[in-house]
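Chemist: Pasting a structure here, questions to come.
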Amino acid sequence: MLPERITLHPVVLRPFTFADAPRVTLLAGDAELAEPTSLIPHPYGEGVADQWITTHAALRDRGTAFIYAVTRADDGLLVGAVEVRPAPEAVDSLGYWVGRPYWGRGYATAAMRAIIAMSFGYLDCHRLTASYLARNGASGRVLEKCGLTLVRRVEREHRGKVEAFCVREISRDAWEQQVRNL
């Protein structure tokens with residue numbers, strides 16, 4: 001099991017609460033945020049955030065997914081979400097989103113580094129993967145900064161059409177080597 005709270009400046013990762021639902025709806029409801037993601041619906045209807053948050057405890061209890069609110073360390077403001085699905089058969093074991101007003105401030109990179117470190121430190125996983133739309137260079141840069149290397153490009157259905165995705169991964173050994181070199 002992963003810790004309840006994880007801190008890596010400038011973020012703190014913590015479990016979502018139902019009090020977060022309005023903020024999730026506001027941030028995830030942004031079409032520009034939702035469009036390049038595979039899992040955020042658009043439009044983001046009333047009650048969707050509550051339904052999503054309801055699933056977290058059972059996933060955590062089963063050890064199939066650990067989903068955290070990404071908050072700013074200085075004031076606790078919710079800016080996004082990060083998730084790890086440690087099952088070896090998971091197509092994408094890592095995922096994240098950060099609200100558009102907070103893009104380019106290092107929150108996604110810090111959140112991903114924290115979840116990767118905790119995953120390799122606490123879970124029995126030896127490889128983590130993430131994919132993103134090839135046209136979404138910002139996501140690619142976040143993953144690259146976290147040490148994930150490009151392993152392949154694939155074509156997948158995305159919002160009704162086939163698009164190119166990049167798949168990146170990092171092994172436990174590569175992560176440990178990266179940490180030693182810091």
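In the structure tokens, the first chain shown is A, the next is B, and so on; residue numbers restart at 1 for each chain, and ligands run from 1 in the order shown.
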For Tyr96 (chain A), find every residue with an atom within 8 Å (counting only C-alpha atoms), except residues of its own chain fewer than 6 positions away, and show them as a compact mmCIF listing (two decimals) with C-alpha atoms, in the first residue's frame.

Modeler:
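Output contents, as saved in out-v7.txt:
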```txt
# COMPACT_ATOMS: atom_id res chain seq x y z
CA GLY A 80 -4.98 18.07 -10.52
CA ALA A 81 -4.84 14.33 -10.07
CA VAL A 82 -2.28 11.55 -10.40
CA GLU A 83 -2.78 7.80 -10.46
CA ALA A 108 2.69 17.55 -13.07
CA MET A 112 4.62 12.09 -11.34
```

Chemist: Against region 141-148 of chain A, which residues of region 101-131 of chain A fall within 12 Å? For each one I want the closest pair of atoms and the distance in Å (one decimal), counting only C-alpha atoms, rows by chain and increasing residue number, as CSV.

Modeler:
```
residue,atom,partner,partner_atom,distance
A:Trp103,CA,A:Val142,CA,10.9
A:Gly104,CA,A:Val142,CA,9.7
A:Arg105,CA,A:Val142,CA,11.1
A:Gly106,CA,A:Val142,CA,8.6
A:Tyr107,CA,A:Val142,CA,9.7
A:Ala108,CA,A:Val142,CA,6.8
A:Thr109,CA,A:Val142,CA,5.3
A:Ala110,CA,A:Cys146,CA,8.5
A:Ala111,CA,A:Cys146,CA,9.8
A:Met112,CA,A:Cys146,CA,7.0
A:Arg113,CA,A:Cys146,CA,5.8
A:Ala114,CA,A:Cys146,CA,9.6
A:Ile115,CA,A:Cys146,CA,10.4
A:Ile116,CA,A:Cys146,CA,8.3
A:Ala117,CA,A:Cys146,CA,10.0
A:Arg127,CA,A:Leu148,CA,10.1
A:Leu128,CA,A:Leu148,CA,8.4
A:Thr129,CA,A:Leu148,CA,7.8
A:Ala130,CA,A:Leu143,CA,7.9
A:Ser131,CA,A:Leu143,CA,9.1
```

Chemist: Write the selection just made, keeping N, CA, C and O atoms, as a PDB file, in the first residue's frame?

Modeler:
```pdb
ATOM      1  N   TRP A 103      -0.786  24.822 -15.690  1.00  0.00           N
ATOM      2  CA  TRP A 103       0.163  24.231 -16.629  1.00  0.00           C
ATOM      3  C   TRP A 103       1.476  25.015 -16.601  1.00  0.00           C
ATOM      4  O   TRP A 103       1.510  26.217 -16.394  1.00  0.00           O
ATOM      5  N   GLY A 104       2.574  24.294 -16.795  1.00  0.00           N
ATOM      6  CA  GLY A 104       3.882  24.927 -16.907  1.00  0.00           C
ATOM      7  C   GLY A 104       4.496  25.383 -15.595  1.00  0.00           C
ATOM      8  O   GLY A 104       5.471  26.136 -15.603  1.00  0.00           O
ATOM      9  N   ARG A 105       3.970  24.921 -14.480  1.00  0.00           N
ATOM     10  CA  ARG A 105       4.491  25.350 -13.173  1.00  0.00           C
ATOM     11  C   ARG A 105       5.208  24.232 -12.415  1.00  0.00           C
ATOM     12  O   ARG A 105       5.561  24.396 -11.259  1.00  0.00           O
ATOM     13  N   GLY A 106       5.384  23.072 -13.045  1.00  0.00           N
ATOM     14  CA  GLY A 106       6.112  21.967 -12.415  1.00  0.00           C
ATOM     15  C   GLY A 106       5.272  21.039 -11.564  1.00  0.00           C
ATOM     16  O   GLY A 106       5.795  20.083 -11.002  1.00  0.00           O
ATOM     17  N   TYR A 107       3.969  21.286 -11.471  1.00  0.00           N
ATOM     18  CA  TYR A 107       3.115  20.441 -10.628  1.00  0.00           C
ATOM     19  C   TYR A 107       3.006  19.026 -11.177  1.00  0.00           C
ATOM     20  O   TYR A 107       3.067  18.059 -10.411  1.00  0.00           O
ATOM     21  N   ALA A 108       2.825  18.885 -12.479  1.00  0.00           N
ATOM     22  CA  ALA A 108       2.689  17.547 -13.072  1.00  0.00           C
ATOM     23  C   ALA A 108       3.980  16.747 -12.897  1.00  0.00           C
ATOM     24  O   ALA A 108       3.945  15.574 -12.521  1.00  0.00           O
ATOM     25  N   THR A 109       5.110  17.366 -13.158  1.00  0.00           N
ATOM     26  CA  THR A 109       6.393  16.670 -13.027  1.00  0.00           C
ATOM     27  C   THR A 109       6.631  16.234 -11.586  1.00  0.00           C
ATOM     28  O   THR A 109       7.013  15.078 -11.333  1.00  0.00           O
ATOM     29  N   ALA A 110       6.379  17.118 -10.639  1.00  0.00           N
ATOM     30  CA  ALA A 110       6.578  16.765  -9.228  1.00  0.00           C
ATOM     31  C   ALA A 110       5.634  15.645  -8.812  1.00  0.00           C
ATOM     32  O   ALA A 110       6.050  14.704  -8.118  1.00  0.00           O
ATOM     33  N   ALA A 111       4.371  15.733  -9.226  1.00  0.00           N
ATOM     34  CA  ALA A 111       3.398  14.698  -8.863  1.00  0.00           C
ATOM     35  C   ALA A 111       3.793  13.348  -9.458  1.00  0.00           C
ATOM     36  O   ALA A 111       3.721  12.316  -8.779  1.00  0.00           O
ATOM     37  N   MET A 112       4.220  13.347 -10.703  1.00  0.00           N
ATOM     38  CA  MET A 112       4.623  12.087 -11.337  1.00  0.00           C
ATOM     39  C   MET A 112       5.880  11.519 -10.690  1.00  0.00           C
ATOM     40  O   MET A 112       5.968  10.317 -10.450  1.00  0.00           O
ATOM     41  N   ARG A 113       6.845  12.358 -10.382  1.00  0.00           N
ATOM     42  CA  ARG A 113       8.057  11.866  -9.705  1.00  0.00           C
ATOM     43  C   ARG A 113       7.696  11.256  -8.354  1.00  0.00           C
ATOM     44  O   ARG A 113       8.228  10.210  -7.975  1.00  0.00           O
ATOM     45  N   ALA A 114       6.808  11.905  -7.631  1.00  0.00           N
ATOM     46  CA  ALA A 114       6.408  11.389  -6.320  1.00  0.00           C
ATOM     47  C   ALA A 114       5.715  10.041  -6.439  1.00  0.00           C
ATOM     48  O   ALA A 114       6.018   9.108  -5.688  1.00  0.00           O
ATOM     49  N   ILE A 115       4.797   9.909  -7.387  1.00  0.00           N
ATOM     50  CA  ILE A 115       4.049   8.651  -7.514  1.00  0.00           C
ATOM     51  C   ILE A 115       4.959   7.530  -8.026  1.00  0.00           C
ATOM     52  O   ILE A 115       4.822   6.381  -7.619  1.00  0.00           O
ATOM     53  N   ILE A 116       5.902   7.862  -8.888  1.00  0.00           N
ATOM     54  CA  ILE A 116       6.853   6.852  -9.371  1.00  0.00           C
ATOM     55  C   ILE A 116       7.727   6.377  -8.208  1.00  0.00           C
ATOM     56  O   ILE A 116       7.915   5.171  -8.009  1.00  0.00           O
ATOM     57  N   ALA A 117       8.273   7.313  -7.440  1.00  0.00           N
ATOM     58  CA  ALA A 117       9.122   6.949  -6.301  1.00  0.00           C
ATOM     59  C   ALA A 117       8.366   6.071  -5.316  1.00  0.00           C
ATOM     60  O   ALA A 117       8.889   5.047  -4.849  1.00  0.00           O
ATOM     61  N   ARG A 127       8.003  -2.216 -13.582  1.00  0.00           N
ATOM     62  CA  ARG A 127       7.965  -1.359 -14.757  1.00  0.00           C
ATOM     63  C   ARG A 127       6.680  -0.545 -14.702  1.00  0.00           C
ATOM     64  O   ARG A 127       5.622  -1.067 -14.357  1.00  0.00           O
ATOM     65  N   LEU A 128       6.782   0.729 -15.037  1.00  0.00           N
ATOM     66  CA  LEU A 128       5.617   1.608 -15.117  1.00  0.00           C
ATOM     67  C   LEU A 128       5.546   2.197 -16.517  1.00  0.00           C
ATOM     68  O   LEU A 128       6.585   2.524 -17.108  1.00  0.00           O
ATOM     69  N   THR A 129       4.342   2.321 -17.032  1.00  0.00           N
ATOM     70  CA  THR A 129       4.147   2.844 -18.386  1.00  0.00           C
ATOM     71  C   THR A 129       3.129   3.973 -18.386  1.00  0.00           C
ATOM     72  O   THR A 129       2.281   4.067 -17.502  1.00  0.00           O
ATOM     73  N   ALA A 130       3.219   4.815 -19.397  1.00  0.00           N
ATOM     74  CA  ALA A 130       2.251   5.884 -19.607  1.00  0.00           C
ATOM     75  C   ALA A 130       2.209   6.185 -21.097  1.00  0.00           C
ATOM     76  O   ALA A 130       3.220   6.061 -21.791  1.00  0.00           O
ATOM     77  N   SER A 131       1.039   6.563 -21.571  1.00  0.00           N
ATOM     78  CA  SER A 131       0.934   6.958 -22.967  1.00  0.00           C
ATOM     79  C   SER A 131       0.240   8.308 -23.063  1.00  0.00           C
ATOM     80  O   SER A 131      -0.458   8.739 -22.140  1.00  0.00           O
TER      81      SER A 131
END
```

Chemist: Grab the CA of Ile67 (chain A) to CA of Pro15 (chain A) distance for me, in Å with one decimal place.

Modeler: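 Spanning CA of Ile67 (chain A) to CA of Pro15 (chain A) is a straight-line distance of 6.9 Å.
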
Chemist: From region 70-172 of chain A, collect each residue whose DSSP state is strand (DSSP E or B) and return the set as a VMD selection string.

Modeler: chain A and resid 70 to 72 78 to 84 94 to 98 127 to 133 149 to 158 161 to 171

Chemist: Please report, as a tab-separated table, each residue of region 77-174 of chain A lying at most 12 Å from region 21-25 of chain A, together with the nearest pair of atoms and the separation in Å rounded to one decimal; use only C-alpha atoms, and order rows by chain and ascending residue number.

Modeler:
```
residue	atom	partner	partner_atom	distance
A:Leu77	CA	A:Arg23	CA	9.3
A:Leu78	CA	A:Arg23	CA	7.1
A:Val79	CA	A:Arg23	CA	8.5
A:Gly80	CA	A:Val24	CA	7.7
A:Ala81	CA	A:Val24	CA	8.9
A:Trp97	CA	A:Val24	CA	10.6
A:Val98	CA	A:Val24	CA	10.1
A:Gly99	CA	A:Val24	CA	8.8
```

Chemist: Ala174 (chain A): which residues within 10 Å, counting only C-alpha atoms, same-chain residues fewer than 4 positions away excluded, as a PyMOL selection string?

Modeler: chain A and resi 126-127+147-149+169-170+178-180

Chemist: Save the residues we just selected, N, CA and C atoms, as a PDB file, in the first residue's frame?

Modeler:
```pdb
ATOM      1  N   HIS A 126       7.727  -3.599 -11.296  1.00  0.00           N
ATOM      2  CA  HIS A 126       9.082  -3.507 -11.831  1.00  0.00           C
ATOM      3  C   HIS A 126       9.173  -2.610 -13.048  1.00  0.00           C
ATOM      4  N   ARG A 127       8.003  -2.216 -13.582  1.00  0.00           N
ATOM      5  CA  ARG A 127       7.965  -1.359 -14.757  1.00  0.00           C
ATOM      6  C   ARG A 127       6.680  -0.545 -14.702  1.00  0.00           C
ATOM      7  N   GLY A 147      12.022  10.504 -16.371  1.00  0.00           N
ATOM      8  CA  GLY A 147      12.865   9.366 -16.721  1.00  0.00           C
ATOM      9  C   GLY A 147      12.210   8.302 -17.575  1.00  0.00           C
ATOM     10  N   LEU A 148      10.980   8.493 -18.000  1.00  0.00           N
ATOM     11  CA  LEU A 148      10.321   7.513 -18.859  1.00  0.00           C
ATOM     12  C   LEU A 148      10.840   7.662 -20.285  1.00  0.00           C
ATOM     13  N   THR A 149      11.227   6.550 -20.870  1.00  0.00           N
ATOM     14  CA  THR A 149      11.766   6.586 -22.222  1.00  0.00           C
ATOM     15  C   THR A 149      10.721   6.115 -23.226  1.00  0.00           C
ATOM     16  N   GLU A 169       8.020   4.281 -20.841  1.00  0.00           N
ATOM     17  CA  GLU A 169       8.102   3.415 -19.673  1.00  0.00           C
ATOM     18  C   GLU A 169       9.386   3.679 -18.911  1.00  0.00           C
ATOM     19  N   ILE A 170       9.366   3.211 -17.666  1.00  0.00           N
ATOM     20  CA  ILE A 170      10.561   3.255 -16.825  1.00  0.00           C
ATOM     21  C   ILE A 170      10.564   1.991 -15.982  1.00  0.00           C
ATOM     22  N   GLN A 178      18.574   6.612 -11.902  1.00  0.00           N
ATOM     23  CA  GLN A 178      18.304   8.036 -12.019  1.00  0.00           C
ATOM     24  C   GLN A 178      18.418   8.716 -10.643  1.00  0.00           C
ATOM     25  N   VAL A 179      17.857   8.091  -9.620  1.00  0.00           N
ATOM     26  CA  VAL A 179      17.897   8.661  -8.274  1.00  0.00           C
ATOM     27  C   VAL A 179      19.331   8.714  -7.758  1.00  0.00           C
ATOM     28  N   ARG A 180      20.116   7.687  -8.036  1.00  0.00           N
ATOM     29  CA  ARG A 180      21.528   7.676  -7.602  1.00  0.00           C
ATOM     30  C   ARG A 180      22.314   8.817  -8.253  1.00  0.00           C
TER      31      ARG A 180
END
```

Chemist: Please compute the CA of Glu4 (chain A)-CA of Ala49 (chain A) distance, one decimal, in Å.

Modeler: 20.0 Å

Chemist: List as a tab-separated table every residue of region 24-136 of chain A that is in contact with region 151-160 of chain A, defined as an atom at most 10 Å from one of its atoms (using only C-alpha atoms), together with the nearest atom pair and the distance in Å rounded to one decimal, sorted by chain and then rising number.

Modeler:
```
residue	atom	partner	partner_atom	distance
A:Glu35	CA	A:Arg159	CA	8.1
A:Pro36	CA	A:His158	CA	8.5
A:Thr37	CA	A:His158	CA	8.6
A:Ser38	CA	A:His158	CA	6.8
A:Leu39	CA	A:His158	CA	9.9
A:Pro41	CA	A:Arg159	CA	9.5
A:His42	CA	A:Arg159	CA	9.9
A:Thr129	CA	A:Val151	CA	9.5
A:Ser131	CA	A:Arg153	CA	9.0
A:Tyr132	CA	A:Arg153	CA	9.7
A:Leu133	CA	A:His158	CA	8.9
A:Ala134	CA	A:Arg153	CA	8.0
```

Chemist: Have a look at A:Gly45, A:Pro101, A:Gly121, A:Gly140 and name the one nearest to Leu27 (chain A); count only C-alpha atoms.

Modeler: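 Ranked by minimum distance to Leu27 (chain A), first place goes to A:Pro101.
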
Chemist: Nearest to Pro10 (chain A): which of A:Arg72, A:Arg60, A:Arg135, A:Arg172 is it, counting only C-alpha atoms?

Modeler: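 Closest candidate: A:Arg72.
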